[in-house]
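Asker: Structure file final00.cif, mmCIF, C-alpha atoms, is pasted below:
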```
data_structure
#
loop_
_atom_site.label_atom_id
_atom_site.label_comp_id
_atom_site.auth_asym_id
_atom_site.auth_seq_id
_atom_site.Cartn_x
_atom_site.Cartn_y
_atom_site.Cartn_z
CA MET C 1 -26.56 85.53 28.53
CA ASN C 2 -26.14 85.08 24.80
CA SER C 3 -28.45 82.12 24.14
CA GLU C 4 -27.07 81.41 20.67
CA VAL C 5 -23.55 81.16 22.03
CA GLN C 6 -24.75 79.02 24.93
CA SER C 7 -26.64 76.62 22.74
CA ALA C 8 -23.69 76.28 20.34
CA ILE C 9 -21.31 75.55 23.22
CA ILE C 10 -23.69 73.00 24.70
CA SER C 11 -23.90 71.26 21.32
CA MET C 12 -20.10 71.13 21.13
CA ILE C 13 -19.82 69.60 24.60
CA LEU C 14 -22.52 67.02 23.83
CA GLU C 15 -20.71 66.03 20.67
CA LEU C 16 -17.30 66.01 22.33
CA LYS C 17 -18.42 63.80 25.20
CA GLN C 18 -20.96 61.80 23.17
CA ILE C 19 -23.69 62.48 25.69
CA SER C 20 -27.33 63.40 25.08
CA SER C 21 -27.87 66.14 27.64
CA ILE C 22 -26.12 68.40 30.12
CA ASP C 23 -27.28 70.66 32.93
CA PRO C 24 -26.18 74.17 31.87
CA ASP C 25 -25.23 74.93 35.48
CA GLN C 26 -23.13 71.81 35.92
CA GLY C 27 -19.45 72.27 36.71
CA LEU C 28 -17.51 71.08 33.68
CA ILE C 29 -14.15 70.55 35.36
CA ASP C 30 -15.14 70.05 38.99
CA SER C 31 -17.56 67.31 38.02
CA GLY C 32 -14.86 65.52 36.03
CA LEU C 33 -16.86 65.88 32.80
CA LEU C 34 -14.02 67.59 30.92
CA ASP C 35 -10.35 66.78 31.26
CA SER C 36 -7.48 68.78 29.82
CA PHE C 37 -7.66 67.08 26.41
CA ASP C 38 -11.38 67.82 26.26
CA ILE C 39 -10.64 71.46 27.10
CA ILE C 40 -8.14 71.70 24.25
CA ASN C 41 -10.57 70.10 21.80
CA LEU C 42 -13.44 72.29 23.02
CA ILE C 43 -11.33 75.44 22.64
CA LEU C 44 -10.40 74.44 19.08
CA ALA C 45 -14.07 73.79 18.28
CA ILE C 46 -15.14 77.12 19.80
CA GLU C 47 -12.44 79.00 17.89
CA ALA C 48 -13.45 77.40 14.61
CA HIS C 49 -17.19 77.88 15.16
CA PHE C 50 -17.09 81.51 16.31
CA GLN C 51 -14.06 82.52 14.21
CA ILE C 52 -12.25 83.86 17.25
CA SER C 53 -8.86 83.29 18.85
CA ILE C 54 -8.85 82.57 22.54
CA PRO C 55 -5.54 83.84 23.94
CA GLY C 56 -3.52 81.16 25.69
CA GLU C 57 -3.47 83.06 28.96
CA MET C 58 -7.28 82.94 29.04
CA ILE C 59 -7.31 79.17 28.84
CA ILE C 60 -7.51 78.65 32.59
CA PRO C 61 -10.02 76.72 34.70
CA ASP C 62 -11.57 79.98 36.00
CA ASN C 63 -12.75 80.80 32.47
CA LEU C 64 -13.77 77.28 31.54
CA GLY C 65 -15.37 75.72 34.60
CA TYR C 66 -18.99 76.39 33.66
CA ILE C 67 -20.92 76.89 30.43
CA GLY C 68 -21.79 80.39 31.63
CA GLU C 69 -18.10 81.25 31.94
CA LEU C 70 -17.41 79.96 28.44
CA VAL C 71 -20.30 82.04 27.08
CA LYS C 72 -18.89 85.15 28.80
CA LEU C 73 -15.44 84.43 27.38
CA VAL C 74 -16.73 83.97 23.83
CA SER C 75 -19.01 87.02 24.04
CA SER C 76 -16.21 89.25 25.32
CA LEU C 77 -13.89 88.12 22.53
CA GLN C 78 -16.62 88.65 19.93
CA ALA C 79 -17.19 92.14 21.27
CA ARG C 80 -13.50 92.96 20.81
CA GLN C 81 -13.61 92.12 17.10
CA MET W 1 0.80 37.74 41.50
CA SER W 2 1.31 37.64 45.25
CA ASP W 3 1.24 40.50 47.76
CA ILE W 4 -0.59 43.71 46.99
CA LYS W 5 1.94 46.36 46.00
CA ILE W 6 1.71 49.80 47.57
CA ILE W 7 2.10 52.33 44.79
CA GLY W 8 2.76 56.06 44.70
CA ILE W 9 2.51 58.57 41.84
CA ILE W 10 4.40 61.80 41.28
CA GLY W 11 3.03 63.76 38.39
CA ASN W 12 0.38 65.80 36.78
CA GLY W 13 -2.02 66.08 33.87
CA ARG W 14 -4.18 63.73 31.89
CA ILE W 15 -1.70 60.90 31.57
CA ALA W 16 -1.14 60.81 35.34
CA LYS W 17 -4.89 60.77 35.89
CA GLU W 18 -5.48 57.94 33.41
CA CYS W 19 -2.61 55.89 34.86
CA ALA W 20 -3.97 56.46 38.36
CA ALA W 21 -7.31 55.13 37.17
CA ILE W 22 -5.61 52.03 35.71
CA LEU W 23 -3.84 51.41 39.02
CA MET W 24 -7.02 51.98 41.04
CA ALA W 25 -8.85 49.41 38.96
CA HIS W 26 -6.17 46.75 39.37
CA PRO W 27 -6.66 44.31 42.23
CA GLY W 28 -2.95 43.62 42.58
CA CYS W 29 -1.95 47.06 43.75
CA ALA W 30 -3.03 49.85 46.05
CA LEU W 31 -2.45 53.47 45.01
CA LYS W 32 -1.86 55.12 48.39
CA CYS W 33 0.10 58.31 47.69
CA VAL W 34 -0.12 60.96 44.99
CA VAL W 35 2.23 63.93 44.76
CA ILE W 36 1.07 66.60 42.34
CA ASP W 37 3.42 69.13 40.83
CA ASP W 38 1.03 71.75 39.48
CA SER W 39 3.60 74.38 38.59
CA ARG W 40 3.79 73.60 34.89
CA ASP W 41 0.71 74.96 33.12
CA ASN W 42 -2.83 76.18 33.60
CA ILE W 43 -4.88 73.20 32.54
CA SER W 44 -3.06 70.29 34.15
CA PHE W 45 -5.83 69.92 36.68
CA ASP W 46 -6.75 66.35 35.77
CA LEU W 47 -4.93 64.41 38.48
CA ARG W 48 -5.98 66.77 41.25
CA LYS W 49 -9.62 66.58 40.17
CA TYR W 50 -9.41 62.80 39.93
CA CYS W 51 -8.07 62.61 43.49
CA GLU W 52 -10.67 65.03 44.82
CA ILE W 53 -13.57 63.26 43.16
CA GLY W 54 -12.33 59.78 44.09
CA GLY W 55 -11.29 60.69 47.64
CA LEU W 56 -7.70 59.70 46.90
CA ASN W 57 -4.99 60.85 49.27
CA TYR W 58 -2.74 63.50 47.64
CA ILE W 59 -0.41 66.37 48.40
CA VAL W 60 0.75 69.23 46.19
CA SER W 61 4.45 69.96 46.23
CA GLY W 62 6.69 72.31 44.33
CA ASN W 63 9.67 70.27 45.53
CA ILE W 64 9.27 66.55 45.08
CA ASN W 65 12.65 65.88 46.73
CA SER W 66 11.59 67.59 49.95
CA GLN W 67 11.57 65.83 53.31
CA GLU W 68 7.79 66.25 53.36
CA VAL W 69 7.40 64.20 50.18
CA ILE W 70 9.90 61.57 51.31
CA GLU W 71 8.11 61.13 54.63
CA TYR W 72 4.75 61.01 52.84
CA PHE W 73 5.88 58.02 50.77
CA GLN W 74 7.64 56.40 53.73
CA SER W 75 4.57 56.71 55.92
CA GLU W 76 2.58 54.51 53.54
CA LYS W 77 5.49 52.13 52.92
CA VAL W 78 5.27 52.73 49.18
CA SER W 79 7.23 50.05 47.32
CA LEU W 80 7.06 51.50 43.81
CA ILE W 81 6.60 55.03 42.49
CA PHE W 82 5.47 56.05 39.01
CA SER W 83 6.70 59.43 37.83
CA ILE W 84 4.19 60.53 35.21
CA ASN W 85 4.42 63.91 33.52
CA ASN W 86 6.58 65.05 36.39
CA HIS W 87 8.79 67.97 35.41
CA GLN W 88 11.09 67.92 38.43
CA ILE W 89 14.27 65.87 38.58
CA ILE W 90 14.14 63.07 41.14
CA ARG W 91 17.28 63.12 43.24
CA GLY W 92 19.13 61.68 46.19
CA LYS W 93 17.18 60.29 49.09
CA LEU W 94 13.87 59.94 47.25
CA LEU W 95 15.47 57.50 44.79
CA GLY W 96 16.04 55.07 47.65
CA VAL W 97 12.58 55.29 49.21
CA PRO W 98 10.57 52.80 47.15
CA ARG W 99 12.03 49.30 47.45
CA GLU W 100 11.22 48.43 43.83
CA GLY W 101 12.34 51.72 42.37
CA ILE W 102 10.79 54.57 40.42
CA ILE W 103 9.48 54.21 36.86
CA ASN W 104 9.21 57.38 34.77
CA PHE W 105 7.25 58.25 31.63
CA HIS W 106 9.20 60.07 28.93
CA ASN W 107 7.60 61.42 25.77
CA GLY W 108 10.49 60.47 23.53
CA PRO W 109 12.14 57.31 22.18
CA LEU W 110 15.04 57.03 24.63
CA PRO W 111 17.98 57.02 24.39
CA LYS W 112 17.16 59.59 21.70
CA TYR W 113 15.44 62.82 22.70
CA GLY W 114 16.20 62.77 26.40
CA GLY W 115 15.57 65.93 28.37
CA LEU W 116 12.96 68.57 27.61
CA ASN W 117 10.71 69.32 24.63
CA ALA W 118 11.32 65.97 22.94
CA CYS W 119 8.29 66.39 20.66
CA SER W 120 9.41 69.79 19.38
CA TRP W 121 12.92 68.56 18.64
CA ALA W 122 11.59 65.48 16.83
CA ILE W 123 9.41 67.63 14.56
CA PHE W 124 12.21 70.12 13.98
CA ASN W 125 14.54 67.27 12.98
CA GLY W 126 12.00 65.94 10.49
CA GLU W 127 11.46 62.60 12.19
CA THR W 128 8.80 60.41 10.61
CA GLN W 129 8.50 58.33 13.76
CA HIS W 130 8.51 59.23 17.43
CA GLY W 131 8.08 57.23 20.58
CA ILE W 132 7.40 57.05 24.28
CA THR W 133 9.41 55.29 26.94
CA TRP W 134 8.64 53.98 30.41
CA HIS W 135 11.99 53.62 32.16
CA TYR W 136 13.49 53.21 35.60
CA VAL W 137 14.86 56.34 37.23
CA ASN W 138 18.50 56.34 38.29
CA ALA W 139 20.90 59.07 39.34
CA GLY W 140 21.13 60.35 35.75
CA ILE W 141 18.40 62.09 33.76
CA ASP W 142 16.34 59.89 31.41
CA GLU W 143 19.15 57.31 31.54
CA GLY W 144 17.62 54.39 33.43
CA ASP W 145 16.76 50.96 32.08
CA ILE W 146 13.82 50.81 29.70
CA VAL W 147 10.71 48.91 30.80
CA VAL W 148 8.41 49.48 27.82
CA GLN W 149 8.88 51.54 24.68
CA LYS W 150 6.45 52.26 21.87
CA ILE W 151 7.49 53.72 18.52
CA PHE W 152 4.80 55.17 16.26
CA ASP W 153 4.50 57.03 12.95
CA ILE W 154 3.88 60.75 12.93
CA GLY W 155 2.14 62.69 10.18
CA PRO W 156 3.91 65.27 8.01
CA ASN W 157 1.85 68.19 9.31
CA ILE W 158 1.81 67.42 13.02
CA THR W 159 2.36 70.25 15.51
CA ALA W 160 4.16 70.10 18.85
CA LEU W 161 0.95 70.02 20.87
CA GLN W 162 -0.58 67.35 18.64
CA LEU W 163 2.51 65.17 19.07
CA ILE W 164 2.48 65.68 22.84
CA MET W 165 -1.15 64.55 22.92
CA ALA W 166 -0.30 61.52 20.76
CA CYS W 167 2.52 60.63 23.17
CA ILE W 168 0.15 60.87 26.10
CA ASN W 169 -2.32 58.51 24.44
CA GLU W 170 0.47 56.06 23.55
CA GLY W 171 1.85 56.35 27.07
CA ILE W 172 -1.49 55.49 28.65
CA SER W 173 -1.87 52.51 26.34
CA ALA W 174 1.65 51.25 27.13
CA PHE W 175 1.14 51.76 30.86
CA LYS W 176 -1.29 48.85 30.94
CA LYS W 177 1.58 46.54 29.95
CA VAL W 178 3.91 48.22 32.46
CA VAL W 179 1.44 47.52 35.27
CA VAL W 180 0.91 43.91 34.27
CA ASP W 181 4.66 43.31 34.01
CA VAL W 182 5.35 45.00 37.33
CA LEU W 183 2.63 43.13 39.20
CA ASP W 184 3.59 39.82 37.65
CA GLY W 185 7.23 40.39 38.51
CA ALA W 186 7.95 40.04 34.81
CA VAL W 187 9.60 43.38 34.12
CA THR W 188 12.32 43.24 31.49
CA ARG W 189 14.96 45.90 32.09
CA SER W 190 16.75 46.94 28.90
CA PRO W 191 19.79 49.16 29.48
CA GLN W 192 19.97 52.20 27.22
CA ASN W 193 22.68 52.42 24.58
CA ARG W 194 24.51 55.55 25.68
CA ALA W 195 26.15 55.93 22.26
CA LEU W 196 22.74 56.73 20.78
CA ARG W 197 21.78 59.24 23.44
CA THR W 198 20.66 62.75 22.48
CA TYR W 199 19.56 65.32 25.02
CA HIS W 200 18.09 68.82 25.10
CA PHE W 201 18.00 71.27 27.97
CA SER W 202 14.96 73.41 28.74
CA GLN W 203 16.66 76.60 27.54
CA GLU W 204 17.40 75.19 24.08
CA VAL W 205 15.06 76.29 21.28
CA PRO W 206 15.25 75.07 17.67
CA SER W 207 16.96 77.77 15.54
CA GLU W 208 16.52 80.07 18.56
CA GLY W 209 12.93 80.37 17.36
CA VAL W 210 13.91 82.61 14.43
CA VAL W 211 12.49 81.95 10.96
CA ASP W 212 15.19 82.05 8.30
CA PHE W 213 13.77 82.50 4.80
CA SER W 214 17.07 81.49 3.22
CA GLN W 215 16.09 77.96 4.17
CA ASP W 216 13.84 75.71 2.10
CA PHE W 217 10.09 75.54 2.76
CA TYR W 218 10.24 72.24 4.60
CA SER W 219 12.87 73.44 7.09
CA ILE W 220 10.83 76.56 7.79
CA ASP W 221 7.61 74.57 8.13
CA ARG W 222 9.26 72.11 10.55
CA LEU W 223 10.48 74.94 12.78
CA ILE W 224 7.04 76.54 12.87
CA ARG W 225 5.25 73.26 13.64
CA ALA W 226 7.87 72.40 16.29
CA LEU W 227 7.00 75.60 18.13
CA ASN W 228 3.23 75.44 17.63
CA PHE W 229 1.33 74.67 20.83
CA ASN W 230 -1.98 76.23 19.76
CA PRO W 231 -4.38 76.81 21.37
CA LEU W 232 -2.22 76.70 24.51
CA GLU W 233 0.52 79.11 25.48
CA SER W 234 3.85 78.21 23.93
CA SER W 235 6.20 76.55 26.38
CA MET W 236 9.13 77.55 24.14
CA ARG W 237 9.10 80.52 21.73
CA HIS W 238 6.83 81.59 18.92
CA PRO W 239 8.55 81.52 15.51
CA LEU W 240 9.79 85.05 15.03
CA VAL W 241 10.34 87.24 11.97
CA GLU W 242 11.14 90.93 11.57
CA ILE W 243 9.88 93.45 9.05
CA ASN W 244 10.27 97.25 9.16
CA LYS W 245 12.24 96.69 12.38
CA LYS W 246 9.16 95.25 14.05
CA LYS W 247 8.60 91.69 15.14
CA PHE W 248 5.73 89.39 14.42
CA TYR W 249 5.25 85.68 14.80
CA ILE W 250 4.20 82.88 12.48
CA ASP W 251 1.92 79.99 13.51
CA LYS W 252 1.38 78.28 10.16
CA VAL W 253 2.65 78.36 6.58
CA LYS W 254 1.86 76.52 3.38
CA LEU W 255 3.75 75.86 0.20
CA VAL W 256 2.52 77.98 -2.72
CA LYS W 257 4.87 77.06 -5.55
CA ARG W 258 8.38 75.75 -6.10
CA VAL W 259 9.84 78.75 -7.86
CA GLN W 260 12.43 81.45 -7.17
CA LEU W 261 10.93 84.81 -8.17
CA GLY W 262 12.93 87.00 -5.83
CA ASP W 263 15.51 87.12 -3.08
CA CYS W 264 14.97 84.95 -0.04
CA GLY W 265 12.74 86.83 2.39
CA GLU W 266 11.26 89.08 -0.30
CA VAL W 267 7.53 89.75 -0.09
CA ILE W 268 6.04 88.33 -3.29
CA SER W 269 2.44 89.21 -2.51
CA ALA W 270 0.84 91.33 0.22
CA GLY W 271 -2.74 91.72 -0.94
CA ASP W 272 -5.30 89.26 0.32
CA ARG W 273 -2.48 86.88 1.06
CA LEU W 274 1.02 87.23 2.44
CA GLU W 275 3.50 85.31 0.33
CA ILE W 276 7.22 85.24 0.98
CA GLN W 277 10.09 83.91 -1.08
CA ALA W 278 11.95 81.09 0.67
CA ASN W 279 14.87 79.14 -0.79
CA GLY W 280 13.47 77.52 -3.92
CA ALA W 281 9.82 78.08 -3.13
CA ILE W 282 7.21 80.67 -2.29
CA LEU W 283 5.35 80.13 0.95
CA GLU W 284 2.17 81.69 2.27
CA ILE W 285 1.85 82.75 5.88
CA ILE W 286 -1.59 81.48 6.90
CA GLU W 287 -1.68 82.13 10.65
CA ALA W 288 0.29 84.74 12.56
CA ARG W 289 0.56 86.76 15.77
CA ASP W 290 1.23 90.43 16.31
CA GLU W 291 4.04 91.94 18.38
CA GLN W 292 2.16 91.10 21.58
CA LYS W 293 1.88 87.50 20.40
CA ASN W 294 -1.88 87.77 20.01
CA ARG W 295 -3.27 85.71 17.17
CA THR W 296 -4.59 87.97 14.44
CA SER W 297 -5.62 87.87 10.80
CA ILE W 298 -3.06 88.05 8.02
CA LYS W 299 -4.85 91.18 6.76
CA ASN W 300 -4.18 92.84 10.12
CA ILE W 301 -0.52 91.85 9.94
CA ILE W 302 -0.19 93.28 6.43
CA ASP W 303 -1.90 96.55 7.44
CA LYS W 304 -0.29 96.95 10.85
CA PHE W 305 3.23 96.36 9.57
CA SER W 306 2.63 98.22 6.28
CA ILE W 307 3.87 95.21 4.36
CA LYS W 308 4.23 95.79 0.63
CA GLN W 309 5.35 93.67 -2.27
CA GLY W 310 9.14 93.75 -2.69
CA MET W 311 9.88 94.41 1.00
CA LYS W 312 12.28 92.12 2.80
CA VAL W 313 11.19 89.96 5.71
CA GLY W 314 14.16 88.95 7.76
CA GLY W 315 15.21 87.00 10.74
CA TYR W 316 15.87 88.62 14.03
CA GLU W 317 19.12 89.25 15.87
CA PHE W 318 18.83 88.61 19.59
#
```
The structure given in the file should be rewritten as structure tokens.
Answerer:
Amino acid sequence: MNSEVQSAIISMILELKQISSIDPDQGLIDSGLLDSFDIINLILAIEAHFQISIPGEMIIPDNLGYIGELVKLVSSLQARQ
Amino acid sequence: MSDIKIIGIIGNGRIAKECAAILMAHPGCALKCVVIDDSRDNISFDLRKYCEIGGLNYIVSGNINSQEVIEYFQSEKVSLIFSINNHQIIRGKLLGVPREGIINFHNGPLPKYGGLNACSWAIFNGETQHGITWHYVNAGIDEGDIVVQKIFDIGPNITALQLIMACINEGISAFKKVVVDVLDGAVTRSPQNRALRTYHFSQEVPSEGVVDFSQDFYSIDRLIRALNFNPLESSMRHPLVEINKKKFYIDKVKLVKRVQLGDCGEVISAGDRLEIQANGAILEIIEARDEQKNRTSIKNIIDKFSIKQGMKVGGYEF
């Protein structure tokens, strides 16, 4: 897993939710940590930070439920560029 | 406050979840039934997750007027239903199920902007204020008596998605008053002035979604912001233009200078930046999508479509 991407995403989630720590394996949606507004704000933050565009059809819970899935999504979009 | 009211919700999304939480926390009511319509978009998972985590009784239904849904509410003797971000029309028998009626959330300042895509139409029309309305549901669509309405200012650069999110936040805030009024039996029902009513159907799209460079910058900018749902999929159309008989889409423009250097639609600059002559001003296309509607850089658009200075960018004939 791309550790730089993971650590950047974790930082964004901590800032977004104003929390001090998060278990990287924690479910983001299933646990109720992120709601749909949080997802939108997180996507915007990820796009700005990594200078990528996440296609709308990829913004689905299956791609966003865990930090690992977000890292995969970002890495695959970076690889396309 | 007397008896505990048995409440039901039909809806989806963040606003439905937050309103459910407000109801759950209130000692004067019991939220017994939740009907989730999850057909609308990919990330409206909030209410379902809230129910799952909180152990709240819910069903998912693609047809809220079905016998199954009616019997679900009847079985719990629901006396009042809140319709919150529910995209299906409530009809017939269901209207008569809750003794105290059904109260719906609408993301527009009724009687103006009834129907669908209220936020997009408000931006397109250049409104400086928008609003949300909690209203009773009757046999019409968005026509029932108003319970609570909140009007608020909107910024000059707001996009459709941003305005939808603002409406949701205003709606949640106003719901607290709705609940207090309902539970205190102090609801004021204000009939809508039908003479002021405006309404849009789901198939209607501002300017058919086509950018017309013979218009002034502000008209073009309003159309583009009205159809901008980034980062989510557009629920309407992406603003469309045509060059070299190929289509591409615009997500964002900015005003460069109020000057007329060429014909409307003429490419003024296609180097590092893509500047187009509108009526009375030059605008720069800042964000765009290719033919497949994938967001891409302006450089890619210029290269892919072989855009050169002096070319004409036009509208599109459906």
Asker: Show me, as a list of chain:residue names, the residues of chain W whose atoms get within 7 Å of chain C, using only C-alpha atoms for the distance check.
Answerer: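 Output check: W:Arg14, W:Asn42, W:Ile43, W:Ser44, W:Asp46, W:Lys49, W:Pro231, W:Leu232, W:Glu233, W:Asn294, W:Arg295.
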Asker: Which value, in Å to one decimal, gives the distance between atom CA of W:Gln67 and atom CA of W:His135?
Answerer: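 According to the coordinates, atom CA of W:Gln67 and atom CA of W:His135 are separated by 24.4 Å.
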Asker: Have a look at atom CA of W:Leu23 and atom CA of W:Ile172 and let me know their distance in Å, one decimal.
Answerer: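 Between these atoms lies a distance of 11.4 Å.
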Asker: Nearest to W:Ala281: which of W:Ile220, W:Val241, W:Ile15, W:Ile302 is it, counting all atoms listed in the file?
Answerer: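 For W:Ala281, the nearest of the candidates is W:Ile220.
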Asker: Name the residues captured by the PyMOL selection byres ((chain W and resi 34) around 6) when it is applied to the shown file; answer as a compact mmCIF listing (two decimals) with C-alpha atoms, keeping the file's coordinate frame.
Answerer:
```
# COMPACT_ATOMS: atom_id res chain seq x y z
CA GLY W 8 2.76 56.06 44.70
CA ILE W 9 2.51 58.57 41.84
CA ILE W 10 4.40 61.80 41.28
CA CYS W 33 0.10 58.31 47.69
CA VAL W 35 2.23 63.93 44.76
CA TYR W 58 -2.74 63.50 47.64
```
Asker: Mind giving me the straight-line distance from atom CA of W:Ile298 to atom CA of W:His238 in Å, one decimal?
Answerer: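 If I compute the distance from atom CA of W:Ile298 to atom CA of W:His238, I get 16.1 Å.
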Asker: May I have the residues within 9 Å of C:Lys72 as a list in words, using only C-alpha atoms and disregarding those fewer than 4 positions away in the same chain?
Answerer: Met1, Asn2, Asn63, Ile67, Gly68, Ser76 and Leu77 of chain C
Asker: Here is a test: counting all atoms listed in the file, which residue of C:Ser11, C:Ser20, C:Gln81, C:Ser75 is nearest to C:Ala45?
Answerer: C:Ser11
Asker: I want to know what sits within 12 Å of W:Asn107, based on only C-alpha atoms, with residues of the same chain fewer than 4 positions away left out; could you give that as an NGL selection string?
Answerer: :W and (15 or 84-87 or 111-122 or 130-135 or 142 or 149-152 or 160-161 or 163-172 or 174)
Asker: Any chance you could work out the residue set of the PyMOL selection byres ((chain W and resi 273) around 10) here, as a list in words?
Answerer: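 With the shown file as input, the PyMOL selection byres ((chain W and resi 273) around 10) matches Ile268, Ser269, Ala270, Gly271, Asp272, Leu274, Glu275, Ile276, Glu284, Ile285, Ile286, Ile298, Lys299 and Ile302 of chain W.
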Asker: Determine the residue membership of the PyMOL selection byres ((chain W and resi 4) around 6) for the file above and supply it as a PyMOL selection string.
Answerer: chain W and resi 3+5+28-29
Asker: When you count all atoms listed in the file, which of these residues is closest to W:Asn228: W:Gly62, W:Gly144, W:Gly209, W:Gly96?
Answerer: W:Gly209
Asker: Would you mind telling me which residue in W:Ala186, W:Val148, W:Ala139, W:Ile123 lies nearest to W:Arg225 when using all atoms listed in the file?
Answerer: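 Residue with the minimum atom-to-atom distance to W:Arg225: W:Ile123.
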Asker: C:Glu4: which residues within 10 Å, counting all atoms listed in the file, same-chain residues fewer than 5 positions away excluded, as number ranges by chain?
Answerer: C: 9-10, 71
Asker: Determine, counting all atoms listed in the file, which protein, DNA and RNA residues have an atom within 12 Å of an atom of C:Ser21; residues of the same chain fewer than 4 positions away are not included. Present the result as a ChimeraX atom specification.
Answerer: /C:7,10-17,26
Asker: Write the residues of the selection above to a file with C-alpha atoms, as a compact mmCIF listing (two decimals), keeping the file's coordinate frame.
Answerer:
```txt
# COMPACT_ATOMS: atom_id res chain seq x y z
CA SER C 7 -26.64 76.62 22.74
CA ILE C 10 -23.69 73.00 24.70
CA SER C 11 -23.90 71.26 21.32
CA MET C 12 -20.10 71.13 21.13
CA ILE C 13 -19.82 69.60 24.60
CA LEU C 14 -22.52 67.02 23.83
CA GLU C 15 -20.71 66.03 20.67
CA LEU C 16 -17.30 66.01 22.33
CA LYS C 17 -18.42 63.80 25.20
CA GLN C 26 -23.13 71.81 35.92
```
Asker: Please list as a list in words every residue within 6 Å of C:Leu28, counting all atoms listed in the file and excluding residues in the same chain fewer than 4 positions away.
Answerer: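 In the requested format, the answer is Leu33, Leu34, Gly65 and Tyr66 of chain C.
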Asker: So, with only C-alpha atoms as the atoms that count, which of W:Ile301, W:Leu95, W:Leu227, W:Leu196 lies closest to W:Glu287?
Answerer: W:Ile301
Asker: Atoms are missing here; could stretch 23-35 of chain C be completed with N, CA and C atoms and written as a PDB file, in the coordinates of the input?
Answerer:
```pdb
ATOM      1  N   ASP C  23     -26.717  69.570  32.148  1.00  0.00           N
ATOM      2  CA  ASP C  23     -27.280  70.660  32.930  1.00  0.00           C
ATOM      3  C   ASP C  23     -26.412  71.900  32.693  1.00  0.00           C
ATOM      4  N   PRO C  24     -26.999  72.984  32.175  1.00  0.00           N
ATOM      5  CA  PRO C  24     -26.180  74.170  31.870  1.00  0.00           C
ATOM      6  C   PRO C  24     -25.437  74.735  33.074  1.00  0.00           C
ATOM      7  N   ASP C  25     -25.899  74.415  34.275  1.00  0.00           N
ATOM      8  CA  ASP C  25     -25.230  74.930  35.480  1.00  0.00           C
ATOM      9  C   ASP C  25     -24.220  73.949  36.066  1.00  0.00           C
ATOM     10  N   GLN C  26     -24.063  72.824  35.398  1.00  0.00           N
ATOM     11  CA  GLN C  26     -23.130  71.810  35.920  1.00  0.00           C
ATOM     12  C   GLN C  26     -21.680  72.273  35.799  1.00  0.00           C
ATOM     13  N   GLY C  27     -20.886  71.996  36.800  1.00  0.00           N
ATOM     14  CA  GLY C  27     -19.450  72.270  36.710  1.00  0.00           C
ATOM     15  C   GLY C  27     -18.832  71.342  35.675  1.00  0.00           C
ATOM     16  N   LEU C  28     -18.068  71.911  34.756  1.00  0.00           N
ATOM     17  CA  LEU C  28     -17.510  71.080  33.680  1.00  0.00           C
ATOM     18  C   LEU C  28     -16.226  70.383  34.132  1.00  0.00           C
ATOM     19  N   ILE C  29     -15.427  71.105  34.901  1.00  0.00           N
ATOM     20  CA  ILE C  29     -14.150  70.550  35.360  1.00  0.00           C
ATOM     21  C   ILE C  29     -14.303  69.889  36.722  1.00  0.00           C
ATOM     22  N   ASP C  30     -14.974  70.588  37.639  1.00  0.00           N
ATOM     23  CA  ASP C  30     -15.140  70.050  38.990  1.00  0.00           C
ATOM     24  C   ASP C  30     -15.869  68.711  38.996  1.00  0.00           C
ATOM     25  N   SER C  31     -16.786  68.560  38.059  1.00  0.00           N
ATOM     26  CA  SER C  31     -17.560  67.310  38.020  1.00  0.00           C
ATOM     27  C   SER C  31     -16.765  66.186  37.364  1.00  0.00           C
ATOM     28  N   GLY C  32     -15.639  66.532  36.744  1.00  0.00           N
ATOM     29  CA  GLY C  32     -14.860  65.520  36.030  1.00  0.00           C
ATOM     30  C   GLY C  32     -15.351  65.280  34.613  1.00  0.00           C
ATOM     31  N   LEU C  33     -16.324  66.089  34.160  1.00  0.00           N
ATOM     32  CA  LEU C  33     -16.860  65.880  32.800  1.00  0.00           C
ATOM     33  C   LEU C  33     -15.785  66.140  31.745  1.00  0.00           C
ATOM     34  N   LEU C  34     -15.052  67.244  31.901  1.00  0.00           N
ATOM     35  CA  LEU C  34     -14.020  67.590  30.920  1.00  0.00           C
ATOM     36  C   LEU C  34     -12.630  67.457  31.535  1.00  0.00           C
ATOM     37  N   ASP C  35     -11.755  66.781  30.832  1.00  0.00           N
ATOM     38  CA  ASP C  35     -10.350  66.780  31.260  1.00  0.00           C
ATOM     39  C   ASP C  35      -9.570  67.739  30.363  1.00  0.00           C
TER      40      ASP C  35
END
```
